[in-house]
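S.K.: Quick one: the structure is below, questions incoming.
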Amino acid sequence: MKPSSPRGRLRFALTLAGAAAWALVYLNLQAFSRWFTYALLGLREGRHLSSAVEFFVFEAPKVLLLLAVVVFGVGLVRSFFTPEHTRRMLAGRRETAGNVLASLLGVVTPFCSCSAVPLFIGFVTSGVPLGVTFSFLISAPMVNEVALVLLFGLFGWKVAALYAGTGLLIAFSAGWVIGRLHLERWVEPWILELRQAKRETSVGNEPRLAWKDRVGFGRDAVRDIVGRVWPFVLGGIAVGAAIHGYVPQNFMASIMGRSAWWAVPLAVLFGIPMYSNAAGIIPIVQALLGKGAALGTVLAFMMSVIGLSFPEMVILRKVLKVPLLIVFASVVGLGIMIVGYVFNAVL
Amino acid sequence: MEIKILGTGCPNCKELERRVRAVLAGLGVAADVEKVTDIQKITEFKILSTPGLVINGRVVSSGRVPRAEEIRDWIRGTAG
């Protein structure tokens, strides 16, 4: 894949240099944060403020670096998948197999919640079963790369894998259940009429992408996502740092700890009206965990915040009647709660 | 030339409108630019994700914010 043109070689060299610089900064962050807090600012060790500051100086650059790399990588992967491509793969599939495929595709297909409606309509009118469409709509926002990266960076691959696995499981089951309930009557009628008309969706400009375009896609993704999300990341880390530094060690254990059985449903209910992008919520998750909250409860909270968002419900109201919205939120909410309980019991 | 920008108001849609207007101003081309936010009208264009860009009734892009160079090429191509 070595490019032959001089400009191409220069770009390649710059990329390698960039990667090396990234690794250098990343591996030295812990030492840097200690130096910054105790040597440069002169704070005393073991105090609330110094604890919080060290946490912030370590975590903020670390998270942003991880984010940049993964958003870029996922941007590259996503350049291979378009919603039209996904729709073609899902059209006419039987349930169950379709639910599995839709859940997996939700992870890699580019999706923004503002597109939820055109996508829903496009899928349903081309013969993608209702339940399969829902599996896609659940996995797309919930199992997103920003969340996975941050979980991996802060808690290790096991937690990240768990989150991804259970997210897919919930997307599959909730979509499958909704499909089985045959709730087509609660889809707005004008959409069902469109389905009768058996439309082909238009594709717009879909040229074969060159590798250069794919890299551009990745770069644009970084500029776009990190550019939009970094204030929330810093804000979330700041909150996390404050919790880390000031909240007593086991404070959360009493409220969100394993023995509090009501913590899981409460966490899910709290999460539903809240909406945050994944980047902002994770540092809070970290701080809560560090203070004794049970992993299952915290993951349930996080899934509920990211996966069930009130703004998305409002948007979907245009295509779904209220009863179906309620069923959707309840089935997903229930799935999240079950996951929360199982984690608390098993881990 | 008739240009429609399809989107429900998310930041990408606003950015697309901004870019289109900037390209038009840069090229000195006059065009009728309309922002379509009504969901039912948007679905008439059969796109799967917003934002969408329609020039003289033809969908040239959907689901992403095209680069200024691409927008310029499309407009120049249509203006003839």
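Just so we're on the same page: first chain in the structure tokens is A, next is B, and so on; residues restart at 1 for each chain, and ligands are numbered from 1 in the order they show up.
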What residues in chain B have any atom no more than 10 Å from chain A when counting only C-alpha atoms, and can you write them as number ranges by chain?
M.R.: B: 7-13, 39-40, 42-54, 58-65, 67
S.K.: Grab the residues selected above and save them as a compact mmCIF listing (two decimals), in the first residue's frame with C-alpha atoms.
M.R.:
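Resulting contents of result-v8.txt:
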# COMPACT_ATOMS: atom_id res chain seq x y z
CA GLY B 7 -33.00 18.05 6.83
CA THR B 8 -34.84 18.26 10.12
CA GLY B 9 -32.58 20.79 11.75
CA CYS B 10 -29.60 18.90 13.08
CA PRO B 11 -26.16 20.57 12.92
CA ASN B 12 -25.17 18.67 9.75
CA CYS B 13 -28.15 20.03 7.87
CA ILE B 39 -40.56 15.05 7.27
CA GLN B 40 -43.28 14.00 4.83
CA ILE B 42 -38.39 14.84 2.77
CA THR B 43 -39.55 11.25 2.36
CA GLU B 44 -40.89 12.12 -1.08
CA PHE B 45 -37.27 12.29 -2.17
CA LYS B 46 -36.72 8.75 -0.94
CA ILE B 47 -33.44 9.34 0.85
CA LEU B 48 -32.45 7.15 3.76
CA SER B 49 -30.60 9.65 5.90
CA THR B 50 -30.34 13.37 6.22
CA PRO B 51 -28.95 15.79 5.23
CA GLY B 52 -29.88 15.52 1.59
CA LEU B 53 -28.97 17.78 -1.31
CA VAL B 54 -31.26 18.10 -4.30
CA ARG B 58 -32.20 15.28 -8.65
CA VAL B 59 -30.80 13.91 -5.38
CA VAL B 60 -27.02 14.38 -5.58
CA SER B 61 -26.11 13.42 -2.05
CA SER B 62 -27.66 12.00 1.08
CA GLY B 63 -26.56 11.04 4.56
CA ARG B 64 -23.45 13.20 4.69
CA VAL B 65 -22.22 16.76 4.31
CA ARG B 67 -17.14 18.77 0.66
S.K.: Quick one: everything within 10 Å of B:Arg19, counting only C-alpha atoms, minus sequence neighbours fewer than 2 positions away in the same chain. Send it as an MDAnalysis selection string.
M.R.: chainID B and resid 13:17 21:25 65:68 71:72
S.K.: For A:Phe55, which of A:Val222, A:Ala161, A:Ala279, A:Ala31 is the closest residue, counting only C-alpha atoms?
M.R.: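 Closest residue, counting only C-alpha atoms: A:Ala31.
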S.K.: From a backbone DSSP assignment, name each residue in chain B labelled alpha helix (DSSP H), as a ChimeraX atom specification.
M.R.: /B:11-27,39-43,68-79
S.K.: Which residues are close to A:Leu269, i.e. within 10 Å by only C-alpha atoms, leaving aside same-chain residues fewer than 6 positions away? Reply as a PyMOL selection string.
M.R.: chain A and resi 263+300-301+304-305+333+337
S.K.: Quick one: everything within 10 Å of stretch 29-31 of chain B, counting only C-alpha atoms, minus sequence neighbours fewer than 3 positions away in the same chain. Send it as a VMD selection string.
M.R.: chain B and resid 1 to 3 21 23 to 26 34 55 to 56 75 to 76 79
S.K.: With distances taken over only C-alpha atoms, which of B:Gly57, B:Lys4, B:Asp73, B:Arg18 is nearest to B:Val33?
M.R.: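 Going through B:Gly57, B:Lys4, B:Asp73, B:Arg18 one by one, the smallest distance to B:Val33 is for B:Lys4.
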S.K.: Write out as an NGL selection string which residues come within 8 Å of stretch 65-71 of chain A when counting only C-alpha atoms, dropping same-chain ones fewer than 5 positions away.
M.R.: :A and (22 or 26 or 145-146 or 149-150 or 153 or 218 or 221-222 or 225-226)
S.K.: Now that the selection is made, can you save its residues with N, CA and C atoms as an mmCIF file, in the first residue's frame?
M.R.:
data_model
loop_
_atom_site.group_PDB
_atom_site.id
_atom_site.type_symbol
_atom_site.label_atom_id
_atom_site.label_comp_id
_atom_site.auth_asym_id
_atom_site.auth_seq_id
_atom_site.Cartn_x
_atom_site.Cartn_y
_atom_site.Cartn_z
ATOM 1 N N TRP A 22 1.620 10.390 18.858
ATOM 2 C CA TRP A 22 0.444 9.989 19.637
ATOM 3 C C TRP A 22 0.837 8.986 20.700
ATOM 4 N N TYR A 26 0.673 9.443 24.740
ATOM 5 C CA TYR A 26 -0.253 8.560 25.443
ATOM 6 C C TYR A 26 0.435 7.774 26.546
ATOM 7 N N GLU A 145 -19.177 3.598 18.742
ATOM 8 C CA GLU A 145 -17.730 3.419 18.906
ATOM 9 C C GLU A 145 -17.165 4.347 19.971
ATOM 10 N N VAL A 146 -17.774 5.506 20.120
ATOM 11 C CA VAL A 146 -17.276 6.420 21.144
ATOM 12 C C VAL A 146 -17.419 5.775 22.515
ATOM 13 N N VAL A 149 -14.895 2.831 22.890
ATOM 14 C CA VAL A 149 -13.518 3.290 23.077
ATOM 15 C C VAL A 149 -13.293 3.759 24.489
ATOM 16 N N LEU A 150 -14.213 4.579 24.947
ATOM 17 C CA LEU A 150 -14.025 5.145 26.267
ATOM 18 C C LEU A 150 -14.094 4.057 27.332
ATOM 19 N N GLY A 153 -10.828 2.263 27.157
ATOM 20 C CA GLY A 153 -9.728 3.064 27.672
ATOM 21 C C GLY A 153 -9.757 3.204 29.173
ATOM 22 N N GLY A 218 -12.622 9.266 7.275
ATOM 23 C CA GLY A 218 -12.175 9.090 8.663
ATOM 24 C C GLY A 218 -11.764 10.408 9.280
ATOM 25 N N ALA A 221 -14.672 12.490 9.999
ATOM 26 C CA ALA A 221 -15.365 11.972 11.175
ATOM 27 C C ALA A 221 -14.716 12.490 12.446
ATOM 28 N N VAL A 222 -13.375 12.469 12.470
ATOM 29 C CA VAL A 222 -12.674 12.956 13.662
ATOM 30 C C VAL A 222 -12.974 14.430 13.867
ATOM 31 N N ILE A 225 -16.876 14.613 14.834
ATOM 32 C CA ILE A 225 -17.306 14.040 16.109
ATOM 33 C C ILE A 225 -16.508 14.605 17.269
ATOM 34 N N VAL A 226 -15.163 14.521 17.173
ATOM 35 C CA VAL A 226 -14.362 15.030 18.286
ATOM 36 C C VAL A 226 -14.570 16.533 18.427
#
